[in-house]
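As stored in query_6.cif (mmCIF, C-alpha atoms):
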data_upload
#
loop_
_atom_site.label_atom_id
_atom_site.label_comp_id
_atom_site.auth_asym_id
_atom_site.auth_seq_id
_atom_site.Cartn_x
_atom_site.Cartn_y
_atom_site.Cartn_z
CA MET A 757 22.24 30.07 50.63
CA VAL A 758 21.79 33.12 52.81
CA GLY A 759 18.48 34.78 52.07
CA GLY A 760 16.34 36.31 54.89
CA ALA A 761 17.16 39.07 57.37
CA SER A 762 17.86 36.59 60.17
CA ASP A 763 20.22 34.67 57.89
CA ARG A 764 22.02 37.91 57.08
CA ASP A 765 22.27 38.68 60.80
CA ALA A 766 23.64 35.21 61.44
CA LEU A 767 26.18 35.64 58.63
CA SER A 768 27.28 39.00 59.93
CA ARG A 769 27.59 37.60 63.49
CA ALA A 770 29.50 34.57 62.21
CA ARG A 771 31.92 36.77 60.23
CA GLU A 772 32.44 39.00 63.25
CA LEU A 773 33.12 36.01 65.54
CA ALA A 774 35.51 34.49 63.01
CA LEU A 775 37.39 37.78 62.63
CA ALA A 776 37.48 38.26 66.42
CA GLY A 777 38.83 34.72 66.81
CA LEU A 778 41.62 35.25 64.28
CA LEU A 779 42.63 38.68 65.59
CA GLY A 780 42.53 37.30 69.14
CA ALA A 781 44.77 34.45 67.99
CA LEU A 782 47.24 37.00 66.65
CA GLY A 783 47.05 38.67 70.05
CA LEU A 784 48.36 35.40 71.51
CA LEU A 785 50.98 34.68 68.85
CA LEU A 786 52.56 38.12 68.32
CA PRO A 787 53.84 38.40 71.93
CA ILE A 788 55.42 34.94 71.58
CA GLY A 789 57.23 36.16 68.44
CA PHE A 790 58.38 39.34 70.17
CA HIS A 791 59.62 37.40 73.20
CA ALA A 792 61.47 34.99 70.88
CA LEU A 793 63.32 37.98 69.43
CA GLY A 794 64.10 39.24 72.93
CA TRP A 795 61.93 42.34 72.55
CA GLY A 796 60.15 43.04 75.83
CA GLY A 797 56.36 42.90 75.87
CA LYS A 798 56.12 45.86 78.26
CA VAL A 799 58.10 48.02 75.83
CA PHE A 800 56.59 47.07 72.47
CA LEU A 801 53.07 46.04 73.62
CA PRO A 802 52.66 43.38 70.91
CA MET A 803 49.35 42.15 72.34
CA HIS A 804 47.84 45.62 71.93
CA LEU A 805 48.37 45.67 68.15
CA PRO A 806 45.77 43.12 66.96
CA VAL A 807 43.36 44.04 69.76
CA VAL A 808 43.36 47.73 68.79
CA VAL A 809 42.99 46.76 65.13
CA ALA A 810 40.01 44.64 66.21
CA GLY A 811 38.54 47.72 67.90
CA PHE A 812 38.44 49.45 64.51
CA LEU A 813 36.90 46.48 62.69
CA LEU A 814 34.41 44.98 65.17
CA SER A 815 31.27 46.15 66.96
CA PRO A 816 31.85 47.71 70.43
CA ALA A 817 30.46 44.69 72.32
CA THR A 818 32.68 42.20 70.48
CA ALA A 819 35.71 44.52 70.67
CA VAL A 820 35.34 44.93 74.47
CA THR A 821 34.88 41.18 74.94
CA LEU A 822 37.91 40.41 72.78
CA GLY A 823 40.06 42.98 74.60
CA PHE A 824 39.05 41.44 77.92
CA VAL A 825 39.55 37.81 76.87
CA VAL A 826 42.93 37.95 75.06
CA PRO A 827 45.27 38.75 78.03
CA LEU A 828 43.45 36.29 80.30
CA LEU A 829 43.54 33.56 77.67
CA SER A 830 47.22 34.25 77.00
CA ALA A 831 47.89 33.90 80.73
CA VAL A 832 46.08 30.54 80.77
CA LEU A 833 47.76 29.22 77.61
CA THR A 834 51.30 30.59 77.89
CA GLY A 835 51.63 31.83 81.48
CA MET A 836 52.28 35.38 80.25
CA PRO A 837 51.21 37.99 81.24
CA PRO A 838 51.02 36.50 84.75
CA LEU A 839 47.66 36.12 86.46
CA SER A 840 49.45 36.71 89.75
CA PRO A 841 50.67 39.39 90.46
CA PRO A 842 47.55 40.56 88.64
CA VAL A 843 49.12 41.82 85.42
CA ALA A 844 46.76 39.87 83.14
CA PRO A 845 43.56 41.12 84.86
CA LEU A 846 44.88 44.71 84.66
CA MET A 847 45.69 44.25 80.98
CA ALA A 848 42.24 42.73 80.40
CA LEU A 849 40.56 45.89 81.69
CA GLU A 850 43.03 48.08 79.81
CA LEU A 851 42.59 46.33 76.46
CA ALA A 852 38.80 46.09 76.85
CA ALA A 853 38.65 49.87 77.32
CA LYS A 854 41.08 50.53 74.48
CA ALA A 855 39.33 48.30 71.93
CA GLY A 856 35.90 49.47 73.09
CA ALA A 857 36.83 53.16 72.80
CA ALA A 858 38.32 52.61 69.32
CA SER A 859 35.15 50.86 68.18
CA VAL A 860 32.74 53.42 69.68
CA PHE A 861 34.62 56.44 68.29
CA TYR A 862 35.33 54.93 64.87
CA ARG A 863 32.37 52.68 64.09
CA VAL A 864 29.52 54.20 66.14
CA LEU A 865 30.39 57.93 66.24
CA ARG A 866 32.22 57.62 62.88
CA LEU A 867 35.04 59.97 63.86
CA PRO A 868 38.30 59.95 61.86
CA LEU A 869 40.68 57.07 62.53
CA TRP A 870 43.32 59.28 64.19
CA VAL A 871 40.80 60.77 66.61
CA ALA A 872 39.52 57.32 67.53
CA LEU A 873 43.08 56.07 68.07
CA ALA A 874 43.85 59.01 70.39
CA ALA A 875 40.61 58.35 72.30
CA ALA A 876 41.57 54.69 72.62
CA PHE A 877 44.91 55.64 74.23
CA VAL A 878 43.20 58.03 76.66
CA ALA A 879 40.64 55.36 77.64
CA ASP A 880 43.47 52.83 78.10
CA TRP A 881 45.44 55.08 80.48
CA ALA A 882 42.35 56.17 82.43
CA VAL A 883 41.28 52.56 83.04
CA LEU A 884 44.84 51.53 83.88
CA ALA A 885 45.02 54.27 86.54
CA LEU A 886 41.71 53.17 88.08
CA ALA A 887 42.63 49.48 88.02
CA ALA A 888 46.12 50.14 89.46
CA TRP A 889 44.58 52.14 92.30
CA PHE A 890 42.20 49.25 93.07
CA VAL A 891 44.91 46.55 92.93
CA ALA A 892 47.30 48.63 95.06
CA GLY A 893 44.58 48.71 97.71
CA LEU A 894 44.20 44.92 97.49
CA PHE A 895 47.92 44.43 98.25
CA ALA A 896 48.01 47.30 100.79
CA ILE A 897 50.56 49.16 98.62
CA LYS A 898 50.65 52.92 99.19
CA ALA A 899 51.75 53.97 95.70
CA GLY A 900 50.08 56.53 93.49
CA ALA A 901 48.13 55.17 90.54
CA ILE A 902 49.10 58.21 88.48
CA GLN A 903 52.81 57.49 89.03
CA TYR A 904 52.24 53.86 87.99
CA VAL A 905 50.50 54.94 84.77
CA ALA A 906 53.17 57.58 84.06
CA ALA A 907 55.90 54.94 84.43
CA ALA A 908 53.96 52.48 82.23
CA VAL A 909 53.46 55.16 79.53
CA VAL A 910 57.14 56.09 79.50
CA ILE A 911 58.34 52.46 79.39
CA SER A 912 55.94 51.57 76.57
CA LEU A 913 56.68 54.63 74.44
CA PRO A 914 58.21 52.50 71.61
CA GLY A 915 55.05 50.33 71.63
CA THR A 916 52.84 53.43 71.52
CA ILE A 917 54.78 54.78 68.53
CA LEU A 918 54.54 51.35 66.86
CA GLN A 919 50.75 51.40 67.32
CA VAL A 920 50.40 54.96 66.03
CA ILE A 921 52.19 53.88 62.83
CA ALA A 922 51.04 50.27 62.37
CA VAL A 923 47.39 50.39 63.44
CA PRO A 924 46.12 52.96 60.88
CA LEU A 925 48.14 51.30 58.09
CA THR A 926 46.81 47.86 58.96
CA VAL A 927 43.20 49.01 59.39
CA LEU A 928 43.26 50.82 56.03
CA ALA A 929 44.89 47.80 54.34
CA ILE A 930 42.25 45.45 55.76
CA GLU A 931 39.40 47.80 54.82
CA LYS A 932 40.76 47.94 51.28
CA ARG A 933 40.93 44.15 51.12
CA VAL A 934 37.51 43.60 52.76
CA PRO A 935 35.40 46.71 51.90
CA ARG A 936 32.48 45.43 54.00
CA LEU A 937 34.49 46.24 57.13
CA ARG A 938 34.70 49.95 56.25
CA PRO A 939 32.33 52.00 58.49
CA ALA A 940 29.55 53.78 56.55
CA LYS A 941 30.09 57.52 56.12
CA ARG A 942 27.80 59.87 58.10
CA ASP A 943 25.98 61.17 54.99
CA GLU A 944 25.46 57.59 53.72
CA THR A 945 23.38 56.71 56.79
CA GLY A 946 21.74 60.07 57.33
CA MET B 1436 42.62 17.54 69.98
CA PRO B 1437 45.90 18.79 71.49
CA HIS B 1438 46.50 22.51 70.90
CA HIS B 1439 49.77 24.24 70.11
CA LEU B 1440 49.48 26.56 73.11
CA ASP B 1441 48.82 24.99 76.49
CA LEU B 1442 50.53 24.71 79.89
CA TYR B 1443 49.11 21.20 80.37
CA VAL B 1444 51.56 18.54 81.54
CA LYS B 1445 50.48 15.03 80.55
CA ARG B 1446 50.52 12.76 83.58
CA GLU B 1447 48.47 9.88 85.04
CA SER B 1448 47.40 11.27 88.40
CA ALA B 1449 44.41 11.68 90.68
CA LEU B 1450 44.52 15.45 90.18
CA HIS B 1451 44.54 15.08 86.39
CA ARG B 1452 41.49 12.81 86.63
CA LEU B 1453 39.60 15.16 88.95
CA ASP B 1454 36.70 17.00 87.28
CA PRO B 1455 37.87 20.49 86.14
CA ARG B 1456 34.87 22.10 87.88
CA ALA B 1457 36.00 20.62 91.20
CA LYS B 1458 39.55 21.85 90.55
CA MET B 1459 38.27 25.34 89.78
CA LEU B 1460 36.23 25.33 92.99
CA ALA B 1461 39.34 24.29 94.94
CA ALA B 1462 41.41 26.99 93.21
CA VAL B 1463 38.86 29.73 93.97
CA GLY B 1464 38.79 28.69 97.65
CA PHE B 1465 42.59 28.60 97.78
CA VAL B 1466 42.99 32.06 96.20
CA ALA B 1467 40.41 33.50 98.63
CA ALA B 1468 42.33 31.90 101.51
CA VAL B 1469 45.64 33.40 100.31
CA LEU B 1470 44.07 36.87 100.13
CA LEU B 1471 42.60 36.44 103.64
CA ALA B 1472 45.63 34.88 105.37
CA PRO B 1473 48.01 37.20 107.22
CA THR B 1474 51.72 37.04 106.27
CA ARG B 1475 52.84 37.89 109.82
CA PRO B 1476 53.07 35.44 111.58
CA PRO B 1477 54.14 33.32 108.61
CA TRP B 1478 52.62 29.96 109.63
CA PRO B 1479 49.20 30.37 107.85
CA THR B 1480 50.84 31.11 104.49
CA GLY B 1481 53.41 28.37 105.21
CA ALA B 1482 50.57 25.90 105.80
CA LEU B 1483 48.89 27.01 102.56
CA LEU B 1484 52.18 26.48 100.71
CA LEU B 1485 52.44 22.95 102.14
CA LEU B 1486 48.88 22.24 101.01
CA LEU B 1487 49.79 23.40 97.50
CA ILE B 1488 52.98 21.34 97.44
CA GLY B 1489 50.81 18.35 98.38
CA ALA B 1490 48.57 19.07 95.37
CA ALA B 1491 51.60 19.36 93.07
CA VAL B 1492 52.99 16.06 94.36
CA LEU B 1493 49.56 14.46 93.88
CA ALA B 1494 49.60 15.73 90.28
CA ARG B 1495 53.09 14.20 89.84
CA LEU B 1496 54.42 17.46 88.42
CA PRO B 1497 58.21 17.46 87.92
CA ALA B 1498 59.85 19.83 90.45
CA ARG B 1499 62.18 21.19 87.73
CA LEU B 1500 59.27 22.19 85.53
CA VAL B 1501 57.48 23.90 88.42
CA CYS B 1502 60.65 25.81 89.35
CA ARG B 1503 61.30 26.80 85.72
CA ARG B 1504 57.78 28.16 85.30
CA MET B 1505 57.93 30.02 88.61
CA LEU B 1506 61.30 31.52 87.61
CA SER B 1507 59.60 33.60 84.92
CA LEU B 1508 57.92 35.55 87.73
CA VAL B 1509 61.15 36.48 89.50
CA VAL B 1510 61.40 39.96 87.98
CA VAL B 1511 57.68 40.79 88.26
CA ILE B 1512 57.53 39.81 91.92
CA GLY B 1513 61.16 40.30 92.95
CA MET B 1514 61.58 43.90 91.82
CA PRO B 1515 58.68 45.42 93.82
CA PHE B 1516 59.67 43.23 96.79
CA LEU B 1517 63.28 44.44 96.74
CA LEU B 1518 62.18 48.05 96.34
CA SER B 1519 59.88 47.69 99.35
CA ARG B 1520 62.91 46.72 101.50
CA LEU B 1521 64.16 50.30 101.07
CA GLY B 1522 61.06 51.74 102.74
CA GLY B 1523 59.79 51.93 106.29
CA GLU B 1524 58.20 49.14 108.34
CA ALA B 1525 54.76 49.49 106.70
CA THR B 1526 56.25 49.41 103.18
CA ARG B 1527 58.34 46.35 104.02
CA ALA B 1528 55.26 44.56 105.38
CA ALA B 1529 53.29 45.48 102.23
CA GLY B 1530 56.17 44.21 100.06
CA GLU B 1531 56.22 40.89 101.91
CA GLN B 1532 52.46 40.56 101.58
CA PHE B 1533 52.63 41.31 97.86
CA ALA B 1534 55.39 38.77 97.23
CA VAL B 1535 53.87 35.97 99.33
CA ARG B 1536 50.35 36.39 97.97
CA SER B 1537 51.54 36.71 94.37
CA LEU B 1538 53.76 33.62 94.60
CA LEU B 1539 51.09 31.44 96.23
CA VAL B 1540 48.34 32.45 93.78
CA ALA B 1541 50.71 32.01 90.80
CA ALA B 1542 51.72 28.55 92.05
CA ALA B 1543 48.04 27.59 92.49
CA PHE B 1544 47.28 28.61 88.88
CA LEU B 1545 50.36 26.71 87.74
CA VAL B 1546 49.15 23.47 89.38
CA LEU B 1547 45.60 24.00 88.01
CA MET B 1548 46.76 24.64 84.44
CA ALA B 1549 49.39 21.91 84.44
CA SER B 1550 46.75 19.36 85.41
CA THR B 1551 43.86 20.58 83.19
CA ARG B 1552 43.74 21.14 79.44
CA ALA B 1553 43.03 24.79 78.57
CA VAL B 1554 40.22 23.84 76.22
CA VAL B 1555 38.48 21.97 79.07
CA LEU B 1556 38.74 25.07 81.30
CA LEU B 1557 37.18 27.12 78.48
CA GLU B 1558 34.34 24.60 78.13
CA VAL B 1559 33.65 24.98 81.87
CA ALA B 1560 33.75 28.79 81.55
CA GLU B 1561 31.28 28.56 78.65
CA ARG B 1562 28.64 27.07 80.95
CA LEU B 1563 29.08 29.61 83.76
CA PRO B 1564 26.67 32.55 83.83
CA LEU B 1565 28.27 35.95 83.06
CA VAL B 1566 31.53 34.51 81.72
CA SER B 1567 29.91 32.23 79.13
CA VAL B 1568 30.57 34.67 76.27
CA PHE B 1569 34.26 34.86 77.23
CA GLY B 1570 34.53 31.07 77.16
CA GLN B 1571 32.92 30.91 73.70
CA LEU B 1572 35.18 33.59 72.24
CA GLY B 1573 38.15 31.94 73.95
CA GLU B 1574 37.44 28.67 72.13
CA PHE B 1575 37.29 30.59 68.84
CA ILE B 1576 40.63 32.25 69.57
CA LEU B 1577 42.17 28.88 70.46
CA ARG B 1578 41.09 27.44 67.09
CA GLY B 1579 42.37 30.56 65.33
CA ALA B 1580 45.70 30.27 67.16
CA ASP B 1581 46.11 26.67 65.97
CA LEU B 1582 45.35 27.74 62.41
CA LEU B 1583 47.78 30.66 62.45
CA ALA B 1584 50.51 28.77 64.34
CA GLU B 1585 50.46 26.10 61.62
CA GLU B 1586 50.72 28.84 58.99
CA VAL B 1587 53.71 30.42 60.76
CA VAL B 1588 55.43 27.02 61.04
CA ARG B 1589 54.76 26.34 57.32
CA THR B 1590 56.11 29.76 56.31
CA ASN B 1591 59.25 29.26 58.37
CA ARG B 1592 59.73 25.74 56.92
CA ALA B 1593 59.36 27.11 53.39
CA TRP B 1594 61.99 29.73 54.13
CA VAL B 1595 64.38 27.11 55.48
CA LEU B 1596 63.84 24.90 52.40
CA ARG B 1597 64.17 27.72 49.86
CA ALA B 1598 67.09 29.43 51.53
CA PRO B 1599 68.86 26.89 53.75
CA SER B 1600 71.84 29.15 54.23
CA ALA B 1601 69.76 32.25 55.04
CA THR B 1602 70.83 34.03 58.19
CA LEU B 1603 68.54 34.31 61.16
CA LYS B 1604 68.03 37.98 60.29
CA VAL B 1605 66.81 37.14 56.78
CA ARG B 1606 64.44 34.48 58.11
CA LEU B 1607 63.10 36.83 60.77
CA THR B 1608 62.48 39.51 58.14
CA GLY B 1609 60.54 36.93 56.13
CA LEU B 1610 58.59 35.93 59.20
CA SER B 1611 57.70 39.53 60.07
CA GLN B 1612 56.54 40.17 56.48
CA ALA B 1613 54.49 36.99 56.65
CA SER B 1614 52.94 38.15 59.97
CA MET B 1615 51.81 41.43 58.40
CA SER B 1616 50.19 39.65 55.48
CA LEU B 1617 48.75 37.14 57.98
CA LEU B 1618 46.86 39.99 59.65
CA ALA B 1619 45.34 41.10 56.35
CA ARG B 1620 44.64 37.52 55.31
CA ALA B 1621 42.98 36.83 58.68
CA ALA B 1622 40.30 39.39 57.79
CA ALA B 1623 39.72 37.84 54.38
CA ARG B 1624 39.69 34.35 55.87
CA SER B 1625 37.04 35.38 58.42
CA GLU B 1626 34.64 36.01 55.50
CA ARG B 1627 34.98 32.39 54.38
CA VAL B 1628 34.85 31.02 57.93
CA GLY B 1629 31.70 33.07 58.64
CA ALA B 1630 29.97 31.78 55.51
CA ALA B 1631 30.96 28.20 56.38
CA MET B 1632 29.55 28.63 59.90
CA VAL B 1633 26.17 29.77 58.54
CA LEU B 1634 26.07 26.90 56.05
CA ARG B 1635 26.66 24.52 58.96
CA GLY B 1636 23.62 25.89 60.80
CA PHE B 1637 25.01 28.79 62.88
CA GLN B 1638 22.12 31.05 63.94
CA GLY B 1639 23.84 33.75 65.95
CA LYS B 1640 24.76 31.61 68.95
CA LEU B 1641 27.43 28.96 69.30
CA PRO B 1642 26.25 25.47 70.27
CA MET B 1643 27.30 24.24 73.70
CA ALA B 1644 28.24 20.70 74.68
CA THR B 1645 25.73 18.98 76.98
CA PRO B 1646 27.02 19.32 80.56
CA THR B 1647 27.85 16.10 82.35
CA PRO B 1648 26.86 15.82 86.03
CA LEU B 1649 29.66 16.56 88.49
CA PRO B 1650 30.37 13.37 90.48
CA TRP B 1651 29.80 13.76 94.24
CA SER B 1652 33.24 12.44 95.14
CA HIS B 1653 34.90 15.03 92.88
CA LEU B 1654 32.75 17.86 94.24
CA LEU B 1655 33.59 16.75 97.77
CA ALA B 1656 37.34 16.69 97.03
CA GLY B 1657 37.27 20.21 95.55
CA LEU B 1658 35.13 21.52 98.40
CA LEU B 1659 37.36 19.90 101.02
CA PHE B 1660 40.51 21.51 99.58
CA ALA B 1661 38.80 24.92 99.47
CA LEU B 1662 37.47 24.57 103.03
CA ILE B 1663 40.83 23.43 104.45
CA SER B 1664 42.51 26.44 102.78
CA LEU B 1665 39.88 28.86 104.08
CA GLY B 1666 40.02 27.23 107.53
CA LEU B 1667 43.80 27.75 107.72
CA ALA B 1668 43.45 31.37 106.65
CA GLY B 1669 40.60 31.94 109.10
CA VAL B 1670 42.50 30.48 112.06
CA GLY B 1671 45.59 32.54 111.14
CA ARG B 1672 43.56 35.73 110.86
CA TRP B 1673 41.53 35.53 114.04
CA ARG B 1674 44.05 34.00 116.45
#

Give the structure from the file, written as structure tokens.
Amino acid sequence: MVGGASDRDALSRARELALAGLLGALGLLLPIGFHALGWGGKVFLPMHLPVVVAGFLLSPATAVTLGFVVPLLSAVLTGMPPLSPPVAPLMALELAAKAGAASVFYRVLRLPLWVALAAAFVADWAVLALAAWFVAGLFAIKAGAIQYVAAAVVISLPGTILQVIAVPLTVLAIEKRVPRLRPAKRDETG
Amino acid sequence: MPHHLDLYVKRESALHRLDPRAKMLAAVGFVAAVLLAPTRPPWPTGALLLLLIGAAVLARLPARLVCRRMLSLVVVIGMPFLLSRLGGEATRAAGEQFAVRSLLVAAAFLVLMASTRAVVLLEVAERLPLVSVFGQLGEFILRGADLLAEEVVRTNRAWVLRAPSATLKVRLTGLSQASMSLLARAAARSERVGAAMVLRGFQGKLPMATPTPLPWSHLLAGLLFALISLGLAGVGRWR
């Protein structure tokens, strides 16, 4: 059985990897379900849902890695989002920032869930603007990154609303089911 | 073990037999060549396209399948291209460049993924410095996807058996409810999976398969493809 500190570390790492794997898998399967129903991925952002939830439940390093891997893996396994034009790489940066920000604000800084979710959205849009500016340069396109982000935000408004409703509910439900995943309160850790 | 999600097309071909590391080397060289090659005059990109068609023929990929997969990119590539036609000369040139580069790189990935199993690509990524952690997590996600896909199929089958006359709407409602509980159950399941991993000897790092040496002939083939692509782009750029 698990006894020493290193064993406990290994168990905690194993649990985190297993949870990351399953949430990442949902990140691959949910978009397929949405596409099957004819609901556009750009509008409802189904891949964002499990990845943002992962940001609230995993350590920052694992959350960033998961956010980066899921769109690229989905591109390799299903062809969507496309690797070229570079939608998948852009989404990889976007989701890495979003999941990372959620994890840092919620699990490390222990801010309320709503604040962390808002910070995750801001990080997402900031990284998207930077990445769009870089990619536009690569293709010699003279379009403003801010306009690109503004258009993306408007198109994905239903997805943003869905996340604002579903993510806190899901995170709280999971924390209730697996109390170990709940971040320690500030006064509990000093 | 075959996975539920994969773009692999089972064929007996030289390209399918080629070591995935050599194919990745060839793909990296080809993508670099596409980004370097000018689109005006069109012959360098035309030559690169011919090279890629040669690879697809070598892989014995059905033309219909290639066209069907490329069709999914029509909107993503076509819309910006059409919009660029409304602009001035510089915008039109940028639109052409965007469309040509995007199509060629997408087609290269299509040939690579249709001739290589995704899990093999992840195993290669696992051994590369910097991206190793992505490869490891990717393999975990792939296993998780198989697990959850089976669960979704089982849930749907149960719905069909219990309510054969249920409308699509009713079945979809059931599926969406099942997906929500799947998310919560995934967290609980990870506890058991984590404990099982530790009992099997997990010590914080995933074991890696022993790398096999890359045969010279395969390395040479991959290198040759990359060099020909880069050569074409180079000649087109500096002539």

Inset, instruction - List the neighbours of Trp1478 of chain B out to 10 Å using all atoms listed in the file; skip same-chain residues closer than 5 positions along the sequence, and give me the result as a list in words. - result: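 What passes the distance filter is Ala1472, Pro1473, Leu1483, Leu1484, Leu1667, Ala1668 and Gly1671 of chain B.
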
Inset, instruction - List, as number ranges by chain, every residue that the PyMOL selection byres ((chain B) within 8 of (chain A)) selects in the file provided. - result: B: 1440-1442, 1508, 1511-1512, 1526, 1529-1530, 1532-1533, 1537-1538, 1540-1541, 1544, 1548, 1553, 1568-1569, 1572-1573, 1575-1580, 1583-1584, 1618-1619, 1621-1630, 1632-1634, 1637-1639

Inset, instruction - Please evaluate the PyMOL selection byres ((chain A and resi 879-886) around 9) against the structure above and give the resulting residues as a PyMOL selection string. - result: chain A and resi 846-847+849-857+874-878+887-891+900-906+909

Legend entry - Close residues, segment 1493-1498 of chain B itself excluded, 7 Å, all atoms listed in the file, min 5 positions apart in chain, as a list of chain:residue names: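 In the requested form, the answer reads B:Arg1446, B:Ser1448, B:Ala1449, B:Leu1450, B:His1451, B:Ser1550.
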
Inset, instruction - Starting from the shown file, work through the PyMOL selection byres ((chain B and resi 1661) around 6) and note down what comes out as a list in words. - result: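 Output from the PyMOL selection byres ((chain B and resi 1661) around 6), applied to this file: Ala1461, Gly1464, Phe1465, Leu1658, Leu1659, Phe1660, Leu1662, Ile1663 and Ser1664 of chain B.
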
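We find atom CA of Gly1481 of chain B and atom CA of Arg1520 of chain B to be spaced 21.0 Å apart.
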